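What's in run24.pdb: PDB, C-alpha atoms
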ATOM      1  CA  MET Z  39      20.656  13.801  -8.749
ATOM      2  CA  LYS Z  40      23.555  15.685 -10.382
ATOM      3  CA  GLU Z  41      27.065  15.071  -9.164
ATOM      4  CA  ASP Z  42      28.571  17.836  -7.071
ATOM      5  CA  LEU Z  43      31.649  19.083  -8.943
ATOM      6  CA  LYS Z  44      32.790  21.682  -6.413
ATOM      7  CA  LEU Z  45      34.341  19.364  -3.849
ATOM      8  CA  SER Z  46      37.952  19.595  -2.680
ATOM      9  CA  PRO Z  47      40.810  17.121  -3.232
ATOM     10  CA  GLU Z  48      40.597  16.372   0.516
ATOM     11  CA  GLN Z  49      36.927  15.464   0.161
ATOM     12  CA  HIS Z  50      37.780  13.244  -2.814
ATOM     13  CA  SER Z  51      40.368  11.472  -0.654
ATOM     14  CA  PHE Z  52      37.747  10.763   2.055
ATOM     15  CA  MET Z  53      35.352   9.300  -0.505
ATOM     16  CA  ALA Z  54      38.197   7.307  -2.059
ATOM     17  CA  GLU Z  55      38.811   5.803   1.393
ATOM     18  CA  ALA Z  56      35.102   4.861   1.722
ATOM     19  CA  ILE Z  57      35.175   3.239  -1.730
ATOM     20  CA  GLU Z  58      38.414   1.420  -0.875
ATOM     21  CA  LEU Z  59      36.715  -0.017   2.247
ATOM     22  CA  ALA Z  60      33.895  -1.229  -0.022
ATOM     23  CA  ARG Z  61      36.364  -2.738  -2.475
ATOM     24  CA  LYS Z  62      38.241  -4.609   0.289
ATOM     25  CA  ASN Z  63      35.038  -6.537   1.077
ATOM     26  CA  LEU Z  64      35.215  -8.097  -2.392
ATOM     27  CA  LYS Z  65      38.236 -10.048  -1.159
ATOM     28  CA  SER Z  66      37.651 -10.329   2.606
ATOM     29  CA  PHE Z  67      34.084 -11.691   2.226
ATOM     30  CA  ASN Z  68      33.158  -9.806   5.421
ATOM     31  CA  GLY Z  69      29.924  -8.550   3.857
ATOM     32  CA  GLY Z  70      28.466  -6.487   1.028
ATOM     33  CA  PRO Z  71      30.557  -4.053  -1.062
ATOM     34  CA  PHE Z  72      29.950  -0.931   1.013
ATOM     35  CA  GLY Z  73      32.250   1.377   2.973
ATOM     36  CA  ALA Z  74      31.918   4.624   4.924
ATOM     37  CA  VAL Z  75      34.048   7.066   6.891
ATOM     38  CA  VAL Z  76      33.188   9.817   9.390
ATOM     39  CA  VAL Z  77      35.287  12.985   9.263
ATOM     40  CA  LYS Z  78      35.644  15.744  11.838
ATOM     41  CA  ASP Z  79      37.811  18.843  11.346
ATOM     42  CA  GLY Z  80      39.501  17.269   8.311
ATOM     43  CA  VAL Z  81      40.420  14.012  10.098
ATOM     44  CA  ILE Z  82      38.837  10.557   9.748
ATOM     45  CA  VAL Z  83      37.372   9.725  13.178
ATOM     46  CA  GLY Z  84      35.447   6.564  12.271
ATOM     47  CA  LYS Z  85      35.457   3.880   9.585
ATOM     48  CA  GLY Z  86      33.148   1.070   8.644
ATOM     49  CA  SER Z  87      32.617  -1.592   6.067
ATOM     50  CA  ASN Z  88      29.619  -3.853   5.749
ATOM     51  CA  CYS Z  89      29.972  -6.946   7.956
ATOM     52  CA  VAL Z  90      26.405  -8.288   7.944
ATOM     53  CA  THR Z  91      27.295 -11.851   6.988
ATOM     54  CA  SER Z  92      30.587 -12.184   8.896
ATOM     55  CA  ASN Z  93      29.191 -10.728  12.149
ATOM     56  CA  ASN Z  94      25.703 -12.233  11.884
ATOM     57  CA  ASP Z  95      24.341  -8.714  12.270
ATOM     58  CA  PRO Z  96      21.806  -7.444   9.721
ATOM     59  CA  THR Z  97      22.323  -3.919  11.087
ATOM     60  CA  ALA Z  98      26.091  -3.926  10.413
ATOM     61  CA  HIS Z  99      25.933  -1.765   7.294
ATOM     62  CA  ALA Z 100      28.979   0.386   6.553
ATOM     63  CA  GLU Z 101      27.386   3.653   7.754
ATOM     64  CA  VAL Z 102      26.101   2.106  11.009
ATOM     65  CA  VAL Z 103      29.516   0.548  11.697
ATOM     66  CA  ALA Z 104      31.268   3.861  10.916
ATOM     67  CA  ILE Z 105      28.866   5.860  13.120
ATOM     68  CA  ARG Z 106      29.361   3.441  16.016
ATOM     69  CA  ASP Z 107      33.129   3.585  15.541
ATOM     70  CA  ALA Z 108      33.190   7.402  15.434
ATOM     71  CA  CYS Z 109      30.938   7.710  18.493
ATOM     72  CA  LYS Z 110      33.164   5.307  20.421
ATOM     73  CA  ASN Z 111      36.310   7.212  19.395
ATOM     74  CA  LEU Z 112      34.778  10.617  20.177
ATOM     75  CA  ASN Z 113      33.052   9.391  23.364
ATOM     76  CA  THR Z 114      29.673  10.798  22.346
ATOM     77  CA  PHE Z 115      26.320   9.734  20.930
ATOM     78  CA  GLN Z 116      26.053  12.780  18.642
ATOM     79  CA  LEU Z 117      28.255  13.483  15.622
ATOM     80  CA  ASP Z 118      27.953  17.276  15.748
ATOM     81  CA  GLY Z 119      30.115  18.968  13.134
ATOM     82  CA  CYS Z 120      30.993  15.678  11.430
ATOM     83  CA  GLU Z 121      30.697  14.693   7.767
ATOM     84  CA  ILE Z 122      29.813  11.191   6.597
ATOM     85  CA  TYR Z 123      31.234   9.828   3.327
ATOM     86  CA  SER Z 124      29.559   6.641   2.096
ATOM     87  CA  SER Z 125      30.410   4.617  -1.009
ATOM     88  CA  CYS Z 126      26.660   4.287  -1.663
ATOM     89  CA  GLU Z 127      23.480   6.208  -0.923
ATOM     90  CA  PRO Z 128      22.460   5.099   2.591
ATOM     91  CA  CYS Z 129      19.540   2.660   2.867
ATOM     92  CA  PRO Z 130      16.616   3.859   5.040
ATOM     93  CA  MET Z 131      18.055   2.119   8.120
ATOM     94  CA  CYS Z 132      21.368   3.919   7.646
ATOM     95  CA  LEU Z 133      19.719   7.224   6.755
ATOM     96  CA  GLY Z 134      17.700   6.930   9.967
ATOM     97  CA  ALA Z 135      20.914   6.202  11.893
ATOM     98  CA  ILE Z 136      22.501   9.263  10.287
ATOM     99  CA  TYR Z 137      19.559  11.477  11.314
ATOM    100  CA  TRP Z 138      19.832  10.182  14.908
ATOM    101  CA  ALA Z 139      23.616  10.812  14.923
ATOM    102  CA  ARG Z 140      23.042  14.358  13.559
ATOM    103  CA  PRO Z 141      26.190  14.972  11.459
ATOM    104  CA  SER Z 142      26.357  18.245   9.552
ATOM    105  CA  LYS Z 143      26.678  16.775   6.054
ATOM    106  CA  LEU Z 144      26.361  13.565   4.055
ATOM    107  CA  PHE Z 145      28.223  12.601   0.883
ATOM    108  CA  PHE Z 146      27.598   9.463  -1.130
ATOM    109  CA  ALA Z 147      28.909   8.000  -4.409
ATOM    110  CA  ALA Z 148      26.716   5.265  -5.963
ATOM    111  CA  GLY Z 149      22.919   5.626  -5.824
ATOM    112  CA  ARG Z 150      20.132   3.401  -4.496
ATOM    113  CA  GLU Z 151      19.327   2.235  -8.052
ATOM    114  CA  ASP Z 152      22.930   1.094  -8.462
ATOM    115  CA  ALA Z 153      22.599  -0.870  -5.190
ATOM    116  CA  ALA Z 154      19.348  -2.418  -6.428
ATOM    117  CA  LYS Z 155      21.020  -3.512  -9.679
ATOM    118  CA  ALA Z 156      23.744  -5.190  -7.584
ATOM    119  CA  GLY Z 157      21.057  -7.171  -5.715
ATOM    120  CA  PHE Z 158      20.412  -5.100  -2.575
ATOM    121  CA  ASP Z 159      16.962  -4.212  -1.181
ATOM    122  CA  ASP Z 160      17.546  -0.483  -0.602
ATOM    123  CA  SER Z 161      14.975   0.726  -3.151
ATOM    124  CA  TYR Z 162      12.365  -1.792  -1.972
ATOM    125  CA  ILE Z 163      12.750  -0.675   1.652
ATOM    126  CA  TYR Z 164      12.624   3.014   0.597
ATOM    127  CA  ASN Z 165       9.262   2.229  -1.000
ATOM    128  CA  GLN Z 166       7.958   0.350   2.074
ATOM    129  CA  ILE Z 167       8.834   2.889   4.805
ATOM    130  CA  PRO Z 168       6.444   5.711   3.801
ATOM    131  CA  LEU Z 169       3.478   3.341   3.424
ATOM    132  CA  SER Z 170       0.837   3.137   6.138
ATOM    133  CA  VAL Z 171       1.334   0.184   8.460
ATOM    134  CA  GLU Z 172      -1.616  -1.617   6.830
ATOM    135  CA  GLN Z 173      -0.172  -1.207   3.305
ATOM    136  CA  ARG Z 174       3.274  -2.631   4.035
ATOM    137  CA  ASP Z 175       4.357  -6.147   3.057
ATOM    138  CA  LEU Z 176       5.418  -6.806   6.678
ATOM    139  CA  PRO Z 177       2.359  -8.017   8.646
ATOM    140  CA  THR Z 178       2.046  -5.623  11.591
ATOM    141  CA  SER Z 179      -0.361  -5.285  14.533
ATOM    142  CA  GLN Z 180      -0.703  -2.725  17.302
ATOM    143  CA  PHE Z 181      -1.869  -3.633  20.832
ATOM    144  CA  MET Z 182      -1.338  -2.775  24.529
ATOM    145  CA  THR Z 183      -0.984   0.886  23.539
ATOM    146  CA  ALA Z 184      -2.218   2.278  26.879
ATOM    147  CA  GLU Z 185       0.372   0.316  28.880
ATOM    148  CA  ALA Z 186       3.205   1.530  26.647
ATOM    149  CA  LYS Z 187       2.018   5.146  26.660
ATOM    150  CA  SER Z 188       2.099   5.155  30.472
ATOM    151  CA  VAL Z 189       5.878   4.519  30.279
ATOM    152  CA  PHE Z 190       6.235   7.601  28.046
ATOM    153  CA  ASP Z 191       4.187   9.633  30.548
ATOM    154  CA  SER Z 192       6.621   8.606  33.301
ATOM    155  CA  TRP Z 193       9.572   9.517  31.034
ATOM    156  CA  VAL Z 194       8.184  13.009  30.415
ATOM    157  CA  GLU Z 195       7.860  13.552  34.191
ATOM    158  CA  LEU Z 196      11.370  12.220  34.870
ATOM    159  CA  GLU Z 197      13.811  14.947  35.929
ATOM    160  CA  GLN Z 198      17.156  13.170  35.613
ATOM    161  CA  LYS Z 199      16.884  11.931  32.022
ATOM    162  CA  ILE Z 200      19.468  12.427  29.274
ATOM    163  CA  PRO Z 201      17.634  13.553  26.095
ATOM    164  CA  TYR Z 202      18.976  12.492  22.694
TER     165      TYR Z 202
ATOM    166  CA  MET J1086      -4.479   2.298  13.350
ATOM    167  CA  LYS J1087      -6.958   0.171  15.312
ATOM    168  CA  GLU J1088      -5.679  -2.098  18.055
ATOM    169  CA  ASP J1089      -5.645  -5.801  17.219
ATOM    170  CA  LEU J1090      -7.949  -7.498  19.744
ATOM    171  CA  LYS J1091      -7.462 -11.081  18.573
ATOM    172  CA  LEU J1092      -4.043 -11.728  20.086
ATOM    173  CA  SER J1093      -3.304 -14.571  22.515
ATOM    174  CA  PRO J1094      -2.361 -14.379  26.224
ATOM    175  CA  GLU J1095       1.118 -15.583  25.180
ATOM    176  CA  GLN J1096       1.443 -12.670  22.732
ATOM    177  CA  HIS J1097       0.327 -10.289  25.486
ATOM    178  CA  SER J1098       3.052 -11.700  27.726
ATOM    179  CA  PHE J1099       5.713 -11.028  25.056
ATOM    180  CA  MET J1100       4.548  -7.422  24.665
ATOM    181  CA  ALA J1101       4.400  -7.045  28.460
ATOM    182  CA  GLU J1102       8.078  -8.102  28.547
ATOM    183  CA  ALA J1103       8.962  -5.480  25.888
ATOM    184  CA  ILE J1104       7.114  -2.793  27.863
ATOM    185  CA  GLU J1105       8.824  -3.919  31.101
ATOM    186  CA  LEU J1106      12.221  -3.510  29.382
ATOM    187  CA  ALA J1107      11.151   0.026  28.449
ATOM    188  CA  ARG J1108      10.009   0.753  31.994
ATOM    189  CA  LYS J1109      13.294  -0.482  33.504
ATOM    190  CA  ASN J1110      15.139   2.261  31.593
ATOM    191  CA  LEU J1111      13.250   4.870  33.636
ATOM    192  CA  LYS J1112      15.333   3.754  36.618
ATOM    193  CA  SER J1113      18.544   2.458  35.033
ATOM    194  CA  PHE J1114      19.102   5.615  32.935
ATOM    195  CA  ASN J1115      20.598   3.399  30.205
ATOM    196  CA  GLY J1116      18.655   5.217  27.509
ATOM    197  CA  GLY J1117      15.188   6.124  26.267
ATOM    198  CA  PRO J1118      12.034   4.322  27.457
ATOM    199  CA  PHE J1119      11.886   1.654  24.758
ATOM    200  CA  GLY J1120      12.079  -2.150  24.849
ATOM    201  CA  ALA J1121      11.744  -5.012  22.363
ATOM    202  CA  VAL J1122      11.864  -8.798  22.249
ATOM    203  CA  VAL J1123      12.300 -11.279  19.386
ATOM    204  CA  VAL J1124      10.287 -14.502  19.611
ATOM    205  CA  LYS J1125      10.745 -17.756  17.695
ATOM    206  CA  ASP J1126       8.481 -20.814  18.122
ATOM    207  CA  GLY J1127       6.928 -19.297  21.251
ATOM    208  CA  VAL J1128      10.252 -18.595  22.983
ATOM    209  CA  ILE J1129      12.030 -15.261  23.488
ATOM    210  CA  VAL J1130      15.338 -15.523  21.564
ATOM    211  CA  GLY J1131      16.491 -11.905  21.834
ATOM    212  CA  LYS J1132      15.892  -8.866  24.046
ATOM    213  CA  GLY J1133      16.826  -5.228  23.843
ATOM    214  CA  SER J1134      16.317  -1.932  25.565
ATOM    215  CA  ASN J1135      17.442   1.438  24.334
ATOM    216  CA  CYS J1136      21.034   2.166  25.399
ATOM    217  CA  VAL J1137      21.896   5.138  23.159
ATOM    218  CA  THR J1138      23.190   7.394  25.917
ATOM    219  CA  SER J1139      24.861   4.764  28.124
ATOM    220  CA  ASN J1140      26.669   3.045  25.219
ATOM    221  CA  ASN J1141      27.401   6.209  23.209
ATOM    222  CA  ASP J1142      25.674   4.525  20.268
ATOM    223  CA  PRO J1143      22.921   6.419  18.431
ATOM    224  CA  THR J1144      21.954   3.148  16.701
ATOM    225  CA  ALA J1145      21.332   1.288  19.975
ATOM    226  CA  HIS J1146      17.540   1.503  19.821
ATOM    227  CA  ALA J1147      15.620  -1.326  21.496
ATOM    228  CA  GLU J1148      14.703  -3.101  18.235
ATOM    229  CA  VAL J1149      18.257  -2.911  16.847
ATOM    230  CA  VAL J1150      19.670  -4.235  20.151
ATOM    231  CA  ALA J1151      17.055  -7.045  20.220
ATOM    232  CA  ILE J1152      17.744  -8.001  16.575
ATOM    233  CA  ARG J1153      21.499  -8.106  17.219
ATOM    234  CA  ASP J1154      20.927 -10.197  20.346
ATOM    235  CA  ALA J1155      18.605 -12.649  18.567
ATOM    236  CA  CYS J1156      20.944 -13.009  15.569
ATOM    237  CA  LYS J1157      23.862 -13.686  17.915
ATOM    238  CA  ASN J1158      21.864 -16.274  19.869
ATOM    239  CA  LEU J1159      20.537 -17.970  16.716
ATOM    240  CA  ASN J1160      23.867 -17.689  14.863
ATOM    241  CA  THR J1161      22.273 -16.147  11.786
ATOM    242  CA  PHE J1162      21.837 -12.798  10.037
ATOM    243  CA  GLN J1163      18.191 -13.497   9.103
ATOM    244  CA  LEU J1164      15.280 -13.793  11.545
ATOM    245  CA  ASP J1165      13.167 -16.142   9.424
ATOM    246  CA  GLY J1166      10.013 -17.240  11.227
ATOM    247  CA  CYS J1167      10.546 -14.788  14.098
ATOM    248  CA  GLU J1168       8.161 -12.200  15.543
ATOM    249  CA  ILE J1169       9.299  -8.843  16.911
ATOM    250  CA  TYR J1170       7.426  -7.202  19.804
ATOM    251  CA  SER J1171       8.324  -3.565  20.402
ATOM    252  CA  SER J1172       6.991  -1.249  23.101
ATOM    253  CA  CYS J1173       6.732   1.495  20.459
ATOM    254  CA  GLU J1174       6.259   1.740  16.707
ATOM    255  CA  PRO J1175       9.779   1.363  15.254
ATOM    256  CA  CYS J1176      11.483   4.525  13.982
ATOM    257  CA  PRO J1177      12.602   4.411  10.310
ATOM    258  CA  MET J1178      16.085   3.202  11.299
ATOM    259  CA  CYS J1179      14.580   0.313  13.270
ATOM    260  CA  LEU J1180      11.952  -0.420  10.614
ATOM    261  CA  GLY J1181      14.760  -0.599   8.056
ATOM    262  CA  ALA J1182      16.681  -2.945  10.372
ATOM    263  CA  ILE J1183      13.548  -5.101  10.701
ATOM    264  CA  TYR J1184      13.148  -5.300   6.906
ATOM    265  CA  TRP J1185      16.794  -6.362   6.576
ATOM    266  CA  ALA J1186      16.372  -9.004   9.326
ATOM    267  CA  ARG J1187      13.201 -10.315   7.589
ATOM    268  CA  PRO J1188      11.081 -11.532  10.527
ATOM    269  CA  SER J1189       7.600 -12.842   9.718
ATOM    270  CA  LYS J1190       5.638 -10.368  11.841
ATOM    271  CA  LEU J1191       5.906  -7.129  13.802
ATOM    272  CA  PHE J1192       3.871  -6.059  16.838
ATOM    273  CA  PHE J1193       4.108  -2.681  18.521
ATOM    274  CA  ALA J1194       2.290  -0.919  21.373
ATOM    275  CA  ALA J1195       2.662   2.909  21.448
ATOM    276  CA  GLY J1196       2.655   4.837  18.161
ATOM    277  CA  ARG J1197       5.085   7.271  16.540
ATOM    278  CA  GLU J1198       2.899  10.234  17.642
ATOM    279  CA  ASP J1199       3.178   9.051  21.249
ATOM    280  CA  ALA J1200       6.980   8.919  20.851
ATOM    281  CA  ALA J1201       6.957  12.440  19.364
ATOM    282  CA  LYS J1202       4.940  13.756  22.339
ATOM    283  CA  ALA J1203       7.567  12.222  24.666
ATOM    284  CA  GLY J1204      10.293  14.181  22.838
ATOM    285  CA  PHE J1205      11.624  11.706  20.257
ATOM    286  CA  ASP J1206      12.290  12.482  16.579
ATOM    287  CA  ASP J1207      10.565   9.429  15.054
ATOM    288  CA  SER J1208       7.850  11.383  13.220
ATOM    289  CA  TYR J1209      10.326  13.978  11.949
ATOM    290  CA  ILE J1210      12.596  11.268  10.510
ATOM    291  CA  TYR J1211       9.591   9.468   8.967
ATOM    292  CA  ASN J1212       8.825  12.721   7.160
ATOM    293  CA  GLN J1213      12.437  13.204   5.986
ATOM    294  CA  ILE J1214      13.138   9.726   4.565
ATOM    295  CA  PRO J1215      10.719   9.786   1.588
ATOM    296  CA  LEU J1216      11.867  13.253   0.462
ATOM    297  CA  SER J1217      14.224  13.607  -2.463
ATOM    298  CA  VAL J1218      17.832  14.105  -1.411
ATOM    299  CA  GLU J1219      17.623  17.796  -2.400
ATOM    300  CA  GLN J1220      14.510  18.394  -0.247
ATOM    301  CA  ARG J1221      15.875  16.954   2.991
ATOM    302  CA  ASP J1222      17.131  19.058   5.903
ATOM    303  CA  LEU J1223      20.408  17.100   5.875
ATOM    304  CA  PRO J1224      22.776  18.725   3.334
ATOM    305  CA  THR J1225      23.761  15.936   0.924
ATOM    306  CA  SER J1226      25.991  15.707  -2.158
ATOM    307  CA  GLN J1227      26.749  12.906  -4.590
ATOM    308  CA  PHE J1228      30.144  12.474  -6.276
ATOM    309  CA  MET J1229      32.631   9.816  -7.474
ATOM    310  CA  THR J1230      29.682   7.714  -8.637
ATOM    311  CA  ALA J1231      31.577   5.912 -11.408
ATOM    312  CA  GLU J1232      34.297   4.709  -9.030
ATOM    313  CA  ALA J1233      31.722   3.321  -6.582
ATOM    314  CA  LYS J1234      29.635   1.677  -9.318
ATOM    315  CA  SER J1235      32.702  -0.220 -10.512
ATOM    316  CA  VAL J1236      32.852  -1.931  -7.081
ATOM    317  CA  PHE J1237      29.238  -3.062  -7.540
ATOM    318  CA  ASP J1238      30.107  -4.379 -11.013
ATOM    319  CA  SER J1239      32.893  -6.472  -9.471
ATOM    320  CA  TRP J1240      30.462  -7.701  -6.762
ATOM    321  CA  VAL J1241      27.947  -8.857  -9.388
ATOM    322  CA  GLU J1242      30.690 -10.831 -11.141
ATOM    323  CA  LEU J1243      31.965 -12.359  -7.886
ATOM    324  CA  GLU J1244      31.151 -16.072  -7.602
ATOM    325  CA  GLN J1245      31.882 -16.733  -3.914
ATOM    326  CA  LYS J1246      29.706 -14.017  -2.350
ATOM    327  CA  ILE J1247      27.135 -14.548   0.418
ATOM    328  CA  PRO J1248      23.951 -12.675  -0.558
ATOM    329  CA  TYR J1249      21.772 -11.115   2.189
TER     330      TYR J1249
END
As C-alpha cells, please, write out the structure in this file.
Amino acid sequence: MKEDLKLSPEQHSFMAEAIELARKNLKSFNGGPFGAVVVKDGVIVGKGSNCVTSNNDPTAHAEVVAIRDACKNLNTFQLDGCEIYSSCEPCPMCLGAIYWARPSKLFFAAGREDAAKAGFDDSYIYNQIPLSVEQRDLPTSQFMTAEAKSVFDSWVELEQKIPY
Amino acid sequence: MKEDLKLSPEQHSFMAEAIELARKNLKSFNGGPFGAVVVKDGVIVGKGSNCVTSNNDPTAHAEVVAIRDACKNLNTFQLDGCEIYSSCEPCPMCLGAIYWARPSKLFFAAGREDAAKAGFDDSYIYNQIPLSVEQRDLPTSQFMTAEAKSVFDSWVELEQKIPY
C-alpha cells in the first residue's frame, strides 16, 4: 500500500511516539519491538508496548495493551471517535481487537511483511484465519453445539443485557 | 462443519464447564454469553468468561481471559501441549490469540453463525480481516514506514532478545 503523504505534523508526532515505544523495548526487553498509542480529540489517551514475554501474556501486543489502557482511562469499552497509531500493521488478533473497540481510524507504519522478516508470525496467521476450520494447521473439532446454542437463545431473550 | 462424535466423556466435561461459564454470564451480567477453559494433561489450568462490559475491556473475550489465566498459572507465554475448549467458535481476535499461544488443539461448541444470530460481530470481522487494507470498512493509512522498519532492523541484530 502507498504511504499517505497528507498527514499533519501532529499525526506524525503520534506515530513517532508509537515508534519510540517500540524502540524502548529494544533496551527494556519487555517484549517485541512494537508500540501503539490511542488518540482522542488530539490527545493521547492510551499507550502500549508489547509485553508478551515479560508479562507471560501472549495477548499483550502493543495495540491490545494500548486499547486496554485507553478504555480504562476513558471508562468505556468502546473507543468511539478515537484514532489508533501503531508502529506496525496490526496482526489479526490486534486487528480483531481494533474492530471490537470500534475506533474511527487506524494508522500504521511498518507492514506485515516487515514484521515477518523480523521473525514474527503475523503473515502466517493472516493466511490461517480465512481458511475453513478443516484447512487450518490448528487441529480443531466442534461438538456439544446444541447445548451452547441454548445459552445464546437465553441471551437473546434476556432483557437486561448490555450489548457490545 | 460436522460435529466430532469420537470425543471422550472427559472432553465432554471440559466443554460442559466452558458452556457453564457462558451460562453464568446470563445472570452475572459480566459480559456476553461465552466461556472457555484451557486443559493440560487432563486438568483445567485456566478459565475465562467474557467480561468486556464489566471490565471495560473490549479484548476480554472468554478465550483471551482463559489464555491469560492459564499462562499466569503455568508461568509461561506459550501453551504447548494444551487444549482449549470454547463454548463458541473463536472470533478472529481470539483465534489470533490462540495461534500466538500455540496450544495443540482447539474445540468449540456453537459456530460463528450462531454468534451472529445472537447479535455478535464475529462473522462481520471474519469477513473484514482477509480484505486488503484499502477494502476494509475501517479507514486505514500507512506512513513513517522507514522509521518503524529501522526498529525491526535493530531487533534482528539484537543478541539478547527472547523470541515468541
Could you state which residues are captured by the PyMOL selection byres ((chain Z and resi 140) around 9) in this file, as an NGL selection string? (:Z and (116-120 or 135-139 or 141-143)) or (:J and (1223))
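Remark: for Arg1108 in chain J, the closest of the candidate residues Z:Val90, Z:Ala104, Z:Val194, Z:Val189 is Z:Val189 (distances computed over only C-alpha atoms).
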CA of Pro130 in chain Z and CA of Leu112 in chain Z are how many Å apart? 24.6 Å
Between CA of Pro71 in chain Z and CA of Val103 in chain Z - distance in Å to one decimal: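 One can read the CA of Val103 in chain Z to CA of Pro71 in chain Z distance as 13.6 Å.
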Could you list the residues chosen by the PyMOL selection byres ((chain Z and resi 145) around 12) in this structure as a ChimeraX atom specification? /Z:41-42,45,49-50,52-54,56-57,74-77,101,120-128,133,136,141-144,146-149 /J:1218,1223-1230
Filtering to C-alpha atoms, could you give me those residues as an mmCIF file, keeping the file's coordinate frame?
data_model
loop_
_atom_site.group_PDB
_atom_site.id
_atom_site.type_symbol
_atom_site.label_atom_id
_atom_site.label_comp_id
_atom_site.auth_asym_id
_atom_site.auth_seq_id
_atom_site.Cartn_x
_atom_site.Cartn_y
_atom_site.Cartn_z
ATOM 1 C CA GLU Z 41 27.065 15.071 -9.164
ATOM 2 C CA ASP Z 42 28.571 17.836 -7.071
ATOM 3 C CA LEU Z 45 34.341 19.364 -3.849
ATOM 4 C CA GLN Z 49 36.927 15.464 0.161
ATOM 5 C CA HIS Z 50 37.780 13.244 -2.814
ATOM 6 C CA PHE Z 52 37.747 10.763 2.055
ATOM 7 C CA MET Z 53 35.352 9.300 -0.505
ATOM 8 C CA ALA Z 54 38.197 7.307 -2.059
ATOM 9 C CA ALA Z 56 35.102 4.861 1.722
ATOM 10 C CA ILE Z 57 35.175 3.239 -1.730
ATOM 11 C CA ALA Z 74 31.918 4.624 4.924
ATOM 12 C CA VAL Z 75 34.048 7.066 6.891
ATOM 13 C CA VAL Z 76 33.188 9.817 9.390
ATOM 14 C CA VAL Z 77 35.287 12.985 9.263
ATOM 15 C CA GLU Z 101 27.386 3.653 7.754
ATOM 16 C CA CYS Z 120 30.993 15.678 11.430
ATOM 17 C CA GLU Z 121 30.697 14.693 7.767
ATOM 18 C CA ILE Z 122 29.813 11.191 6.597
ATOM 19 C CA TYR Z 123 31.234 9.828 3.327
ATOM 20 C CA SER Z 124 29.559 6.641 2.096
ATOM 21 C CA SER Z 125 30.410 4.617 -1.009
ATOM 22 C CA CYS Z 126 26.660 4.287 -1.663
ATOM 23 C CA GLU Z 127 23.480 6.208 -0.923
ATOM 24 C CA PRO Z 128 22.460 5.099 2.591
ATOM 25 C CA LEU Z 133 19.719 7.224 6.755
ATOM 26 C CA ILE Z 136 22.501 9.263 10.287
ATOM 27 C CA PRO Z 141 26.190 14.972 11.459
ATOM 28 C CA SER Z 142 26.357 18.245 9.552
ATOM 29 C CA LYS Z 143 26.678 16.775 6.054
ATOM 30 C CA LEU Z 144 26.361 13.565 4.055
ATOM 31 C CA PHE Z 146 27.598 9.463 -1.130
ATOM 32 C CA ALA Z 147 28.909 8.000 -4.409
ATOM 33 C CA ALA Z 148 26.716 5.265 -5.963
ATOM 34 C CA GLY Z 149 22.919 5.626 -5.824
ATOM 35 C CA VAL J 1218 17.832 14.105 -1.411
ATOM 36 C CA LEU J 1223 20.408 17.100 5.875
ATOM 37 C CA PRO J 1224 22.776 18.725 3.334
ATOM 38 C CA THR J 1225 23.761 15.936 0.924
ATOM 39 C CA SER J 1226 25.991 15.707 -2.158
ATOM 40 C CA GLN J 1227 26.749 12.906 -4.590
ATOM 41 C CA PHE J 1228 30.144 12.474 -6.276
ATOM 42 C CA MET J 1229 32.631 9.816 -7.474
ATOM 43 C CA THR J 1230 29.682 7.714 -8.637
#
Selection result for the PyMOL selection byres ((chain Z and resi 95) around 8) on this file, as a list in words: Cys89, Val90, Thr91, Ser92, Asn93, Asn94, Pro96, Thr97 and Ala98 of chain Z; Ile1152, Arg1153, Cys1156, Lys1157, Thr1161 and Phe1162 of chain J
Hey, can you check how far CA of Asp107 in chain Z sits from CA of Tyr164 in chain Z?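 It comes out at 25.4 Å.
Within 12 Å of Ser66 in chain Z, once only C-alpha atoms are used and residues closer than 2 positions along the same chain are dropped, the contacting residues are Leu59, Ala60, Arg61, Lys62, Asn63, Leu64, Asn68, Gly69, Gly70, Pro71, Ser87, Asn88, Cys89, Thr91 and Ser92 of chain Z; Gln1245, Lys1246 and Ile1247 of chain J.
Proximity ranking of J:Ala1147, J:Ala1203, J:Val1128, J:Ala1155 relative to chain Z places J:Ala1203 first, based on all atoms listed in the file.
Nearest to chain J of all the residues Z:Gly134, Z:Phe158, Z:Gly86, Z:Ala153 is Z:Gly134, based on all atoms listed in the file.
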Quick one: 5 Å padding each side, axis-aligned, all listed atoms of range 120-126 of chain Z - centre and edge lengths in Å to one decimal, as lines of an AutoDock Vina configuration file?
center_x = 28.9
center_y = 10.0
center_z = 4.9
size_x = 14.6
size_y = 21.4
size_z = 23.1
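Taking only C-alpha atoms into account, chain Z lies nearest to J:Met1178 out of the set J:Asp1206, J:Asp1238, J:Glu1219, J:Met1178.
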Please provide the set of residues having any atom within 9 Å of Glu1198 in chain J, restricted to all atoms listed in the file, with same-chain residues fewer than 4 positions apart removed, written as a PyMOL selection string. chain J and resi 1202-1203+1207-1208
Using all atoms listed in the file, can you tell me which of Z:Pro168, Z:Gly84, Z:Pro47, Z:Gly73 comes closest to chain J? Z:Pro168
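Distances from Z:Phe190, Z:Gly157, Z:Asn111, Z:Cys132 to Val83 in chain Z were compared using all atoms listed in the file, and the smallest one belongs to Z:Asn111.
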